[in-house]
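Data from protein-v8.cif: mmCIF, N, CA and C atoms
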data_my_file
loop_
_atom_site.label_atom_id
_atom_site.label_comp_id
_atom_site.auth_asym_id
_atom_site.auth_seq_id
_atom_site.Cartn_x
_atom_site.Cartn_y
_atom_site.Cartn_z
N MET A 1 84.95 214.97 100.39
CA MET A 1 83.88 215.03 99.41
C MET A 1 84.37 214.49 98.07
N ILE A 2 83.49 213.82 97.38
CA ILE A 2 83.79 213.29 96.06
C ILE A 2 83.05 214.14 95.05
N SER A 3 83.71 214.59 94.00
CA SER A 3 83.08 215.43 93.00
C SER A 3 82.98 214.67 91.69
N LEU A 4 81.77 214.67 91.13
CA LEU A 4 81.54 214.02 89.84
C LEU A 4 80.22 214.55 89.31
N ALA A 5 80.22 215.07 88.10
CA ALA A 5 78.98 215.56 87.50
C ALA A 5 78.20 214.40 86.93
N SER A 6 76.90 214.53 86.95
CA SER A 6 76.03 213.47 86.44
C SER A 6 74.78 214.09 85.85
N GLU A 7 74.25 213.50 84.81
CA GLU A 7 73.01 214.01 84.26
C GLU A 7 71.86 213.85 85.24
N LEU A 8 71.99 212.95 86.21
CA LEU A 8 70.95 212.81 87.22
C LEU A 8 71.16 213.77 88.38
N THR A 9 72.31 214.38 88.47
CA THR A 9 72.54 215.34 89.54
C THR A 9 72.58 216.73 88.90
N ASP A 10 73.71 217.14 88.41
CA ASP A 10 73.81 218.40 87.68
C ASP A 10 75.12 218.41 86.90
N SER A 11 75.37 219.45 86.17
CA SER A 11 76.57 219.50 85.34
C SER A 11 77.62 220.44 85.92
N LYS A 12 77.51 220.81 87.16
CA LYS A 12 78.41 221.78 87.77
C LYS A 12 79.49 221.13 88.63
N GLY A 13 79.65 219.82 88.58
CA GLY A 13 80.68 219.17 89.39
C GLY A 13 80.32 219.16 90.86
N ARG A 14 79.08 218.91 91.16
CA ARG A 14 78.57 218.93 92.52
C ARG A 14 79.37 218.00 93.42
N HIS A 15 79.56 218.40 94.66
CA HIS A 15 80.26 217.58 95.64
C HIS A 15 79.26 216.77 96.43
N ALA A 16 79.62 215.55 96.76
CA ALA A 16 78.74 214.68 97.53
C ALA A 16 79.57 213.90 98.54
N ARG A 17 78.90 213.42 99.59
CA ARG A 17 79.57 212.59 100.60
C ARG A 17 79.78 211.17 100.11
N GLY A 18 79.02 210.77 99.13
CA GLY A 18 79.13 209.43 98.58
C GLY A 18 78.37 209.34 97.27
N TRP A 19 78.71 208.36 96.47
CA TRP A 19 78.09 208.20 95.15
C TRP A 19 77.62 206.77 94.96
N LEU A 20 76.42 206.64 94.42
CA LEU A 20 75.88 205.35 93.98
C LEU A 20 76.00 205.32 92.47
N PHE A 21 76.74 204.37 91.94
CA PHE A 21 76.95 204.25 90.51
C PHE A 21 76.11 203.09 89.98
N PHE A 22 75.38 203.33 88.88
CA PHE A 22 74.46 202.36 88.33
C PHE A 22 74.68 202.22 86.83
N ASP A 23 74.18 201.13 86.27
CA ASP A 23 74.29 200.87 84.83
C ASP A 23 73.17 201.63 84.12
N ALA A 24 73.54 202.70 83.42
CA ALA A 24 72.56 203.55 82.74
C ALA A 24 71.93 202.86 81.53
N ASP A 25 72.52 201.76 81.05
CA ASP A 25 71.93 201.02 79.94
C ASP A 25 70.89 200.01 80.40
N CYS A 26 70.79 199.82 81.70
CA CYS A 26 69.84 198.87 82.27
C CYS A 26 68.61 199.64 82.76
N GLU A 27 67.48 199.35 82.18
CA GLU A 27 66.24 200.05 82.53
C GLU A 27 65.90 199.89 84.01
N PHE A 28 66.05 198.68 84.55
CA PHE A 28 65.75 198.42 85.95
C PHE A 28 66.68 199.22 86.86
N CYS A 29 67.98 199.20 86.56
CA CYS A 29 68.97 199.93 87.36
C CYS A 29 68.69 201.44 87.33
N THR A 30 68.37 201.96 86.15
CA THR A 30 68.08 203.38 86.00
C THR A 30 66.85 203.77 86.80
N ARG A 31 65.85 202.92 86.78
CA ARG A 31 64.62 203.19 87.55
C ARG A 31 64.94 203.27 89.05
N ILE A 32 65.74 202.35 89.55
CA ILE A 32 66.13 202.36 90.96
C ILE A 32 66.92 203.62 91.28
N ALA A 33 67.87 203.98 90.41
CA ALA A 33 68.71 205.17 90.64
C ALA A 33 67.86 206.43 90.68
N ARG A 34 66.90 206.55 89.77
CA ARG A 34 66.04 207.73 89.77
C ARG A 34 65.17 207.78 91.01
N TRP A 35 64.72 206.62 91.46
CA TRP A 35 63.89 206.55 92.66
C TRP A 35 64.69 206.96 93.89
N LEU A 36 65.96 206.56 93.95
CA LEU A 36 66.81 206.87 95.10
C LEU A 36 67.44 208.26 95.05
N ALA A 37 67.48 208.88 93.88
CA ALA A 37 68.21 210.14 93.71
C ALA A 37 67.74 211.23 94.67
N ARG A 38 66.46 211.44 94.80
CA ARG A 38 65.95 212.53 95.65
C ARG A 38 66.25 212.28 97.14
N PRO A 39 65.88 211.09 97.69
CA PRO A 39 66.21 210.89 99.10
C PRO A 39 67.72 210.89 99.37
N MET A 40 68.51 210.42 98.42
CA MET A 40 69.95 210.44 98.60
C MET A 40 70.48 211.88 98.60
N LYS A 41 69.92 212.70 97.74
CA LYS A 41 70.36 214.10 97.66
C LYS A 41 70.15 214.81 99.00
N ARG A 42 69.05 214.49 99.69
CA ARG A 42 68.79 215.09 101.01
C ARG A 42 69.89 214.72 102.01
N CYS A 43 70.53 213.57 101.79
CA CYS A 43 71.62 213.11 102.67
C CYS A 43 72.99 213.50 102.12
N ARG A 44 73.01 214.35 101.10
CA ARG A 44 74.23 214.78 100.42
C ARG A 44 74.97 213.62 99.76
N LEU A 45 74.18 212.67 99.24
CA LEU A 45 74.70 211.57 98.43
C LEU A 45 74.20 211.79 97.01
N ALA A 46 74.86 211.18 96.06
CA ALA A 46 74.48 211.39 94.67
C ALA A 46 74.52 210.08 93.89
N VAL A 47 73.92 210.13 92.71
CA VAL A 47 73.94 208.98 91.81
C VAL A 47 74.57 209.40 90.48
N ALA A 48 75.19 208.45 89.81
CA ALA A 48 75.80 208.70 88.51
C ALA A 48 75.91 207.39 87.77
N PRO A 49 75.91 207.45 86.43
CA PRO A 49 76.03 206.22 85.65
C PRO A 49 77.45 205.65 85.69
N LEU A 50 77.51 204.33 85.69
CA LEU A 50 78.82 203.66 85.64
C LEU A 50 79.53 203.97 84.31
N GLN A 51 78.78 204.32 83.30
CA GLN A 51 79.35 204.58 81.98
C GLN A 51 80.11 205.90 81.90
N ASP A 52 79.98 206.77 82.90
CA ASP A 52 80.73 208.02 82.90
C ASP A 52 82.22 207.66 82.89
N PRO A 53 83.01 208.19 81.95
CA PRO A 53 84.41 207.80 81.83
C PRO A 53 85.23 208.07 83.10
N ARG A 54 84.83 209.00 83.93
CA ARG A 54 85.57 209.30 85.16
C ARG A 54 85.38 208.22 86.21
N VAL A 55 84.30 207.44 86.11
CA VAL A 55 84.01 206.43 87.13
C VAL A 55 85.04 205.31 87.10
N ALA A 56 85.42 204.83 85.91
CA ALA A 56 86.42 203.77 85.81
C ALA A 56 87.73 204.19 86.48
N ALA A 57 88.13 205.44 86.25
CA ALA A 57 89.37 205.94 86.85
C ALA A 57 89.21 206.06 88.38
N LEU A 58 88.06 206.55 88.82
CA LEU A 58 87.81 206.73 90.25
C LEU A 58 87.85 205.39 90.99
N LEU A 59 87.23 204.37 90.39
CA LEU A 59 87.14 203.07 91.05
C LEU A 59 88.31 202.15 90.73
N GLY A 60 89.07 202.47 89.71
CA GLY A 60 90.21 201.63 89.34
C GLY A 60 89.80 200.29 88.77
N LEU A 61 88.70 200.29 88.01
CA LEU A 61 88.18 199.05 87.42
C LEU A 61 88.11 199.16 85.91
N SER A 62 88.18 198.01 85.24
CA SER A 62 88.01 198.00 83.79
C SER A 62 86.53 198.24 83.46
N PRO A 63 86.23 198.69 82.24
CA PRO A 63 84.83 198.92 81.87
C PRO A 63 83.95 197.68 82.05
N ASP A 64 84.47 196.49 81.77
CA ASP A 64 83.69 195.27 81.94
C ASP A 64 83.40 194.98 83.41
N GLU A 65 84.41 195.20 84.26
CA GLU A 65 84.23 194.97 85.69
C GLU A 65 83.21 195.95 86.28
N LEU A 66 83.23 197.17 85.78
CA LEU A 66 82.32 198.20 86.29
C LEU A 66 80.86 197.78 86.22
N LEU A 67 80.48 197.18 85.11
CA LEU A 67 79.07 196.90 84.85
C LEU A 67 78.57 195.60 85.47
N ARG A 68 79.37 194.94 86.25
CA ARG A 68 78.94 193.68 86.87
C ARG A 68 77.98 193.88 88.04
N ALA A 69 78.01 195.05 88.66
CA ALA A 69 77.14 195.28 89.82
C ALA A 69 77.01 196.77 90.09
N ILE A 70 75.96 197.13 90.79
CA ILE A 70 75.79 198.49 91.27
C ILE A 70 76.92 198.75 92.27
N ARG A 71 77.39 200.00 92.36
CA ARG A 71 78.54 200.30 93.20
C ARG A 71 78.28 201.58 94.02
N PHE A 72 78.87 201.60 95.20
CA PHE A 72 78.77 202.78 96.06
C PHE A 72 80.17 203.12 96.56
N VAL A 73 80.51 204.41 96.52
CA VAL A 73 81.78 204.90 97.06
C VAL A 73 81.44 205.90 98.15
N GLY A 74 81.94 205.63 99.35
CA GLY A 74 81.70 206.51 100.49
C GLY A 74 82.66 207.67 100.52
N GLU A 75 82.37 208.61 101.39
CA GLU A 75 83.18 209.82 101.54
C GLU A 75 84.63 209.50 101.89
N ASP A 76 84.84 208.41 102.61
CA ASP A 76 86.20 208.02 103.00
C ASP A 76 86.90 207.20 101.93
N GLY A 77 86.25 207.02 100.77
CA GLY A 77 86.84 206.26 99.67
C GLY A 77 86.52 204.78 99.71
N SER A 78 85.79 204.33 100.72
CA SER A 78 85.42 202.92 100.80
C SER A 78 84.49 202.58 99.63
N GLN A 79 84.70 201.39 99.05
CA GLN A 79 83.93 200.96 97.89
C GLN A 79 83.14 199.70 98.21
N TYR A 80 81.91 199.67 97.72
CA TYR A 80 81.02 198.53 97.92
C TYR A 80 80.37 198.21 96.58
N SER A 81 80.03 196.94 96.38
CA SER A 81 79.32 196.56 95.16
C SER A 81 78.20 195.59 95.50
N GLY A 82 77.24 195.50 94.59
CA GLY A 82 76.12 194.58 94.76
C GLY A 82 75.31 194.87 96.00
N ALA A 83 74.97 193.81 96.74
CA ALA A 83 74.16 193.94 97.95
C ALA A 83 74.83 194.83 98.98
N ASP A 84 76.15 194.79 99.05
CA ASP A 84 76.89 195.62 100.00
C ASP A 84 76.73 197.11 99.66
N ALA A 85 76.67 197.43 98.37
CA ALA A 85 76.45 198.82 97.95
C ALA A 85 75.06 199.29 98.38
N LEU A 86 74.07 198.44 98.18
CA LEU A 86 72.71 198.81 98.59
C LEU A 86 72.61 198.98 100.10
N LEU A 87 73.32 198.16 100.84
CA LEU A 87 73.33 198.31 102.30
C LEU A 87 74.05 199.58 102.73
N ALA A 88 75.10 199.95 102.02
CA ALA A 88 75.81 201.20 102.34
C ALA A 88 74.88 202.39 102.17
N VAL A 89 74.05 202.36 101.13
CA VAL A 89 73.06 203.42 100.93
C VAL A 89 72.00 203.34 102.02
N ALA A 90 71.57 202.14 102.37
CA ALA A 90 70.54 201.96 103.40
C ALA A 90 71.00 202.53 104.74
N HIS A 91 72.29 202.49 105.01
CA HIS A 91 72.82 203.09 106.25
C HIS A 91 72.51 204.58 106.32
N GLU A 92 72.42 205.21 105.16
CA GLU A 92 72.24 206.66 105.10
C GLU A 92 70.78 207.10 105.07
N LEU A 93 69.88 206.22 104.72
CA LEU A 93 68.46 206.57 104.57
C LEU A 93 67.66 206.00 105.74
N TRP A 94 67.06 206.85 106.54
CA TRP A 94 66.37 206.41 107.75
C TRP A 94 65.34 205.34 107.48
N TRP A 95 64.61 205.45 106.38
CA TRP A 95 63.54 204.50 106.10
C TRP A 95 64.06 203.16 105.59
N ALA A 96 65.34 203.09 105.25
CA ALA A 96 65.92 201.83 104.76
C ALA A 96 66.72 201.12 105.85
N ARG A 97 66.84 201.72 107.02
CA ARG A 97 67.65 201.13 108.09
C ARG A 97 67.18 199.75 108.53
N PRO A 98 65.88 199.42 108.46
CA PRO A 98 65.51 198.04 108.81
C PRO A 98 66.26 196.99 108.00
N LEU A 99 66.60 197.31 106.75
CA LEU A 99 67.40 196.38 105.95
C LEU A 99 68.79 196.20 106.57
N VAL A 100 69.34 197.28 107.10
CA VAL A 100 70.64 197.20 107.77
C VAL A 100 70.53 196.32 109.01
N TRP A 101 69.46 196.50 109.77
CA TRP A 101 69.27 195.69 110.98
C TRP A 101 69.14 194.22 110.63
N VAL A 102 68.37 193.93 109.58
CA VAL A 102 68.19 192.54 109.14
C VAL A 102 69.53 191.94 108.72
N SER A 103 70.37 192.76 108.09
CA SER A 103 71.67 192.26 107.61
C SER A 103 72.58 191.83 108.75
N GLY A 104 72.28 192.29 109.97
CA GLY A 104 73.09 191.91 111.13
C GLY A 104 72.75 190.55 111.70
N ILE A 105 71.68 189.95 111.25
CA ILE A 105 71.31 188.60 111.70
C ILE A 105 72.35 187.62 111.15
N PRO A 106 72.88 186.75 111.98
CA PRO A 106 73.89 185.79 111.50
C PRO A 106 73.41 185.05 110.24
N GLY A 107 74.26 185.05 109.23
CA GLY A 107 73.98 184.37 107.98
C GLY A 107 73.18 185.19 106.99
N MET A 108 72.65 186.34 107.41
CA MET A 108 71.80 187.12 106.52
C MET A 108 72.58 187.81 105.40
N MET A 109 73.82 188.20 105.65
CA MET A 109 74.61 188.82 104.57
C MET A 109 74.83 187.82 103.44
N PHE A 110 75.04 186.56 103.79
CA PHE A 110 75.18 185.53 102.76
C PHE A 110 73.90 185.47 101.93
N VAL A 111 72.75 185.51 102.59
CA VAL A 111 71.45 185.45 101.91
C VAL A 111 71.25 186.69 101.03
N LEU A 112 71.57 187.87 101.56
CA LEU A 112 71.40 189.11 100.79
C LEU A 112 72.31 189.13 99.56
N ARG A 113 73.55 188.72 99.73
CA ARG A 113 74.48 188.69 98.59
C ARG A 113 74.04 187.66 97.55
N ALA A 114 73.62 186.49 98.03
CA ALA A 114 73.14 185.46 97.10
C ALA A 114 71.88 185.93 96.38
N GLY A 115 71.00 186.60 97.10
CA GLY A 115 69.78 187.13 96.50
C GLY A 115 70.08 188.17 95.44
N TYR A 116 71.05 189.04 95.71
CA TYR A 116 71.45 190.04 94.72
C TYR A 116 72.00 189.35 93.47
N GLN A 117 72.89 188.39 93.67
CA GLN A 117 73.48 187.68 92.54
C GLN A 117 72.41 186.91 91.75
N TRP A 118 71.49 186.30 92.45
CA TRP A 118 70.40 185.56 91.79
C TRP A 118 69.59 186.52 90.92
N GLY A 119 69.23 187.67 91.48
CA GLY A 119 68.45 188.65 90.72
C GLY A 119 69.24 189.20 89.54
N ALA A 120 70.52 189.47 89.75
CA ALA A 120 71.36 190.02 88.67
C ALA A 120 71.50 189.03 87.53
N ARG A 121 71.59 187.76 87.84
CA ARG A 121 71.71 186.75 86.77
C ARG A 121 70.41 186.59 85.99
N ARG A 122 69.29 186.84 86.62
CA ARG A 122 68.01 186.62 85.97
C ARG A 122 67.38 187.87 85.36
N TRP A 123 67.88 189.03 85.73
CA TRP A 123 67.32 190.26 85.18
C TRP A 123 67.59 190.34 83.69
N ARG A 124 66.60 190.64 82.95
CA ARG A 124 66.72 190.75 81.50
C ARG A 124 67.02 192.20 81.13
N CYS A 125 68.27 192.51 81.05
CA CYS A 125 68.70 193.87 80.71
C CYS A 125 68.44 194.10 79.22
N PRO A 126 67.77 195.20 78.85
CA PRO A 126 67.46 195.45 77.45
C PRO A 126 68.65 195.88 76.61
N ALA A 127 69.75 196.28 77.24
CA ALA A 127 70.92 196.72 76.49
C ALA A 127 71.59 195.52 75.81
N PRO A 128 71.84 195.61 74.50
CA PRO A 128 72.42 194.47 73.78
C PRO A 128 73.81 194.08 74.27
N HIS A 129 74.58 195.00 74.83
CA HIS A 129 75.94 194.69 75.29
C HIS A 129 76.01 194.46 76.79
N CYS A 130 74.89 194.32 77.44
CA CYS A 130 74.86 194.14 78.89
C CYS A 130 75.64 192.88 79.28
N PRO A 131 76.60 192.98 80.22
CA PRO A 131 77.37 191.80 80.62
C PRO A 131 76.50 190.69 81.21
N MET A 132 75.39 191.07 81.83
CA MET A 132 74.50 190.04 82.38
C MET A 132 73.90 189.20 81.26
N ASN A 133 73.52 189.84 80.15
CA ASN A 133 72.99 189.10 79.02
C ASN A 133 74.07 188.23 78.39
N GLN A 134 75.29 188.77 78.27
CA GLN A 134 76.38 188.01 77.67
C GLN A 134 76.68 186.75 78.49
N ALA A 135 76.65 186.87 79.81
CA ALA A 135 76.93 185.73 80.68
C ALA A 135 75.84 184.65 80.51
N ARG A 136 74.59 185.10 80.39
CA ARG A 136 73.49 184.14 80.24
C ARG A 136 73.57 183.43 78.88
N LEU A 137 74.06 184.17 77.85
CA LEU A 137 74.14 183.60 76.51
C LEU A 137 75.42 182.81 76.29
N GLY A 138 76.27 182.78 77.32
CA GLY A 138 77.53 182.04 77.21
C GLY A 138 78.59 182.81 76.46
N GLY A 139 78.45 184.14 76.35
CA GLY A 139 79.40 184.95 75.60
C GLY A 139 80.23 185.74 76.47
#

Mind turning the file's structure into structure tokens?
Amino acid sequence: MISLASELTDSKGRHARGWLFFDADCEFCTRIARWLARPMKRCRLAVAPLQDPRVAALLGLSPDELLRAIRFVGEDGSQYSGADALLAVAHELWWARPLVWVSGIPGMMFVLRAGYQWGARRWRCPAPHCPMNQARLGG
């Protein structure tokens, strides 16, 4: 079990089988995390912001690297980011399993990863320090 408190979960250091980490400064990411929080909780999975100082230590990434993509850490310590993180969550949610099945089609993982990257590059994050905005502005 992985333990990490989150304002979207609780402040008691709840244990979970896996964690989905999202950019709390990104309105779109936060909306997705809130939408997934309840069904994930039923599967003993949790969500937490990437900005939590414990997350950088848990994942072994710099603060800038953390915010490049949504991330999932499984109970066994396996780490996924971007489209792979969303698929790891889809494995756990019965209603999202069709996405997992589609990902098994030859060449589909390339399409899903490219689609995630395409969306991430084009999403207009409202946070002024968002790395996606900095990359688009050439900074």

Residue contacts of segment 73-89 of chain A (8 Å, only C-alpha atoms) excluding same-chain residues fewer than 4 positions away, as an mmCIF file with N, CA and C atoms, in the coordinates of the input:
data_model
loop_
_atom_site.group_PDB
_atom_site.id
_atom_site.type_symbol
_atom_site.label_atom_id
_atom_site.label_comp_id
_atom_site.auth_asym_id
_atom_site.auth_seq_id
_atom_site.Cartn_x
_atom_site.Cartn_y
_atom_site.Cartn_z
ATOM 1 N N MET A 1 84.950 214.970 100.390
ATOM 2 C CA MET A 1 83.880 215.030 99.410
ATOM 3 C C MET A 1 84.370 214.490 98.070
ATOM 4 N N ILE A 2 83.490 213.820 97.380
ATOM 5 C CA ILE A 2 83.790 213.290 96.060
ATOM 6 C C ILE A 2 83.050 214.140 95.050
ATOM 7 N N ALA A 16 79.620 215.550 96.760
ATOM 8 C CA ALA A 16 78.740 214.680 97.530
ATOM 9 C C ALA A 16 79.570 213.900 98.540
ATOM 10 N N ARG A 17 78.900 213.420 99.590
ATOM 11 C CA ARG A 17 79.570 212.590 100.600
ATOM 12 C C ARG A 17 79.780 211.170 100.110
ATOM 13 N N GLY A 18 79.020 210.770 99.130
ATOM 14 C CA GLY A 18 79.130 209.430 98.580
ATOM 15 C C GLY A 18 78.370 209.340 97.270
ATOM 16 N N TRP A 19 78.710 208.360 96.470
ATOM 17 C CA TRP A 19 78.090 208.200 95.150
ATOM 18 C C TRP A 19 77.620 206.770 94.960
ATOM 19 N N LEU A 20 76.420 206.640 94.420
ATOM 20 C CA LEU A 20 75.880 205.350 93.980
ATOM 21 C C LEU A 20 76.000 205.320 92.470
ATOM 22 N N LEU A 59 87.230 204.370 90.390
ATOM 23 C CA LEU A 59 87.140 203.070 91.050
ATOM 24 C C LEU A 59 88.310 202.150 90.730
ATOM 25 N N ALA A 69 78.010 195.050 88.660
ATOM 26 C CA ALA A 69 77.140 195.280 89.820
ATOM 27 C C ALA A 69 77.010 196.770 90.090
ATOM 28 N N LEU A 93 69.880 206.220 104.720
ATOM 29 C CA LEU A 93 68.460 206.570 104.570
ATOM 30 C C LEU A 93 67.660 206.000 105.740
ATOM 31 N N LEU A 99 66.600 197.310 106.750
ATOM 32 C CA LEU A 99 67.400 196.380 105.950
ATOM 33 C C LEU A 99 68.790 196.200 106.570
ATOM 34 N N VAL A 100 69.340 197.280 107.100
ATOM 35 C CA VAL A 100 70.640 197.200 107.770
ATOM 36 C C VAL A 100 70.530 196.320 109.010
ATOM 37 N N LEU A 112 71.570 187.870 101.560
ATOM 38 C CA LEU A 112 71.400 189.110 100.790
ATOM 39 C C LEU A 112 72.310 189.130 99.560
ATOM 40 N N ARG A 113 73.550 188.720 99.730
ATOM 41 C CA ARG A 113 74.480 188.690 98.590
ATOM 42 C C ARG A 113 74.040 187.660 97.550
ATOM 43 N N TYR A 116 71.050 189.040 95.710
ATOM 44 C CA TYR A 116 71.450 190.040 94.720
ATOM 45 C C TYR A 116 72.000 189.350 93.470
ATOM 46 N N GLN A 117 72.890 188.390 93.670
ATOM 47 C CA GLN A 117 73.480 187.680 92.540
ATOM 48 C C GLN A 117 72.410 186.910 91.750
#

Exercise. Could you state the separation of atom CA of Leu67 of chain A and atom CA of Asp23 of chain A in Å, given to one decimal place?
Worked result: 6.2 Å

Problem set entry | Straight-line distance linking atom C of His15 of chain A with atom CA of Ser62 of chain A, stated in Å to one decimal | 24.3 Å

Exercise. From the set A:Glu92, A:Phe28, A:Asp52, A:Arg122, which residue has the shortest atom-to-atom contact distance to Met40 of chain A, counting only N, CA and C atoms?
Worked result: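 Smallest distance to Met40 of chain A is found for A:Glu92.
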
For this session: Would you work out the distance separating atom N of Ala33 of chain A from atom C of Gly60 of chain A, expressed in Å to one decimal?
Result: 22.3 Å

For this session: Could you tell me which of A:Leu61, A:Phe110, A:Ile105, A:Trp94 comes closest to Arg42 of chain A if we count only C-alpha atoms?
Result: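 Looking only at the distances to Arg42 of chain A, the closest residue turns out to be A:Trp94.
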
For this session: Pick out each residue of segment 49-78 of chain A that DSSP on the backbone tags as strand (DSSP E or B); I need them as a VMD selection string.
Result: chain A and resid 49 71 to 73

Problem set entry | Shell of 12 Å around Trp35 of chain A, only C-alpha atoms, local chain residues under 6 positions omitted, as a list in words | Leu8, Phe28, Cys29, Lys41, Ala46 and Val47 of chain A

For this session: Please run DSSP on the backbone and report, as a PyMOL selection string, all residues within segment 45-124 of chain A that come out as alpha helix (DSSP H).
Result: chain A and resi 53-59+63-66+83-92+97-103+108-122

For this session: Could you tell me which of A:His91, A:Arg121, A:Arg71, A:Arg97 comes closest to Pro49 of chain A if we count only C-alpha atoms?
Result: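 Between A:His91, A:Arg121, A:Arg71, A:Arg97, the residue approaching Pro49 of chain A most closely is A:Arg71.
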
Exercise. Could you name the residues that touch Leu50 of chain A at 7 Å or less, counting only C-alpha atoms, but leaving out those on the same chain fewer than 4 positions away, as a VMD selection string?
Worked result: chain A and resid 21 to 24 55 66 to 67
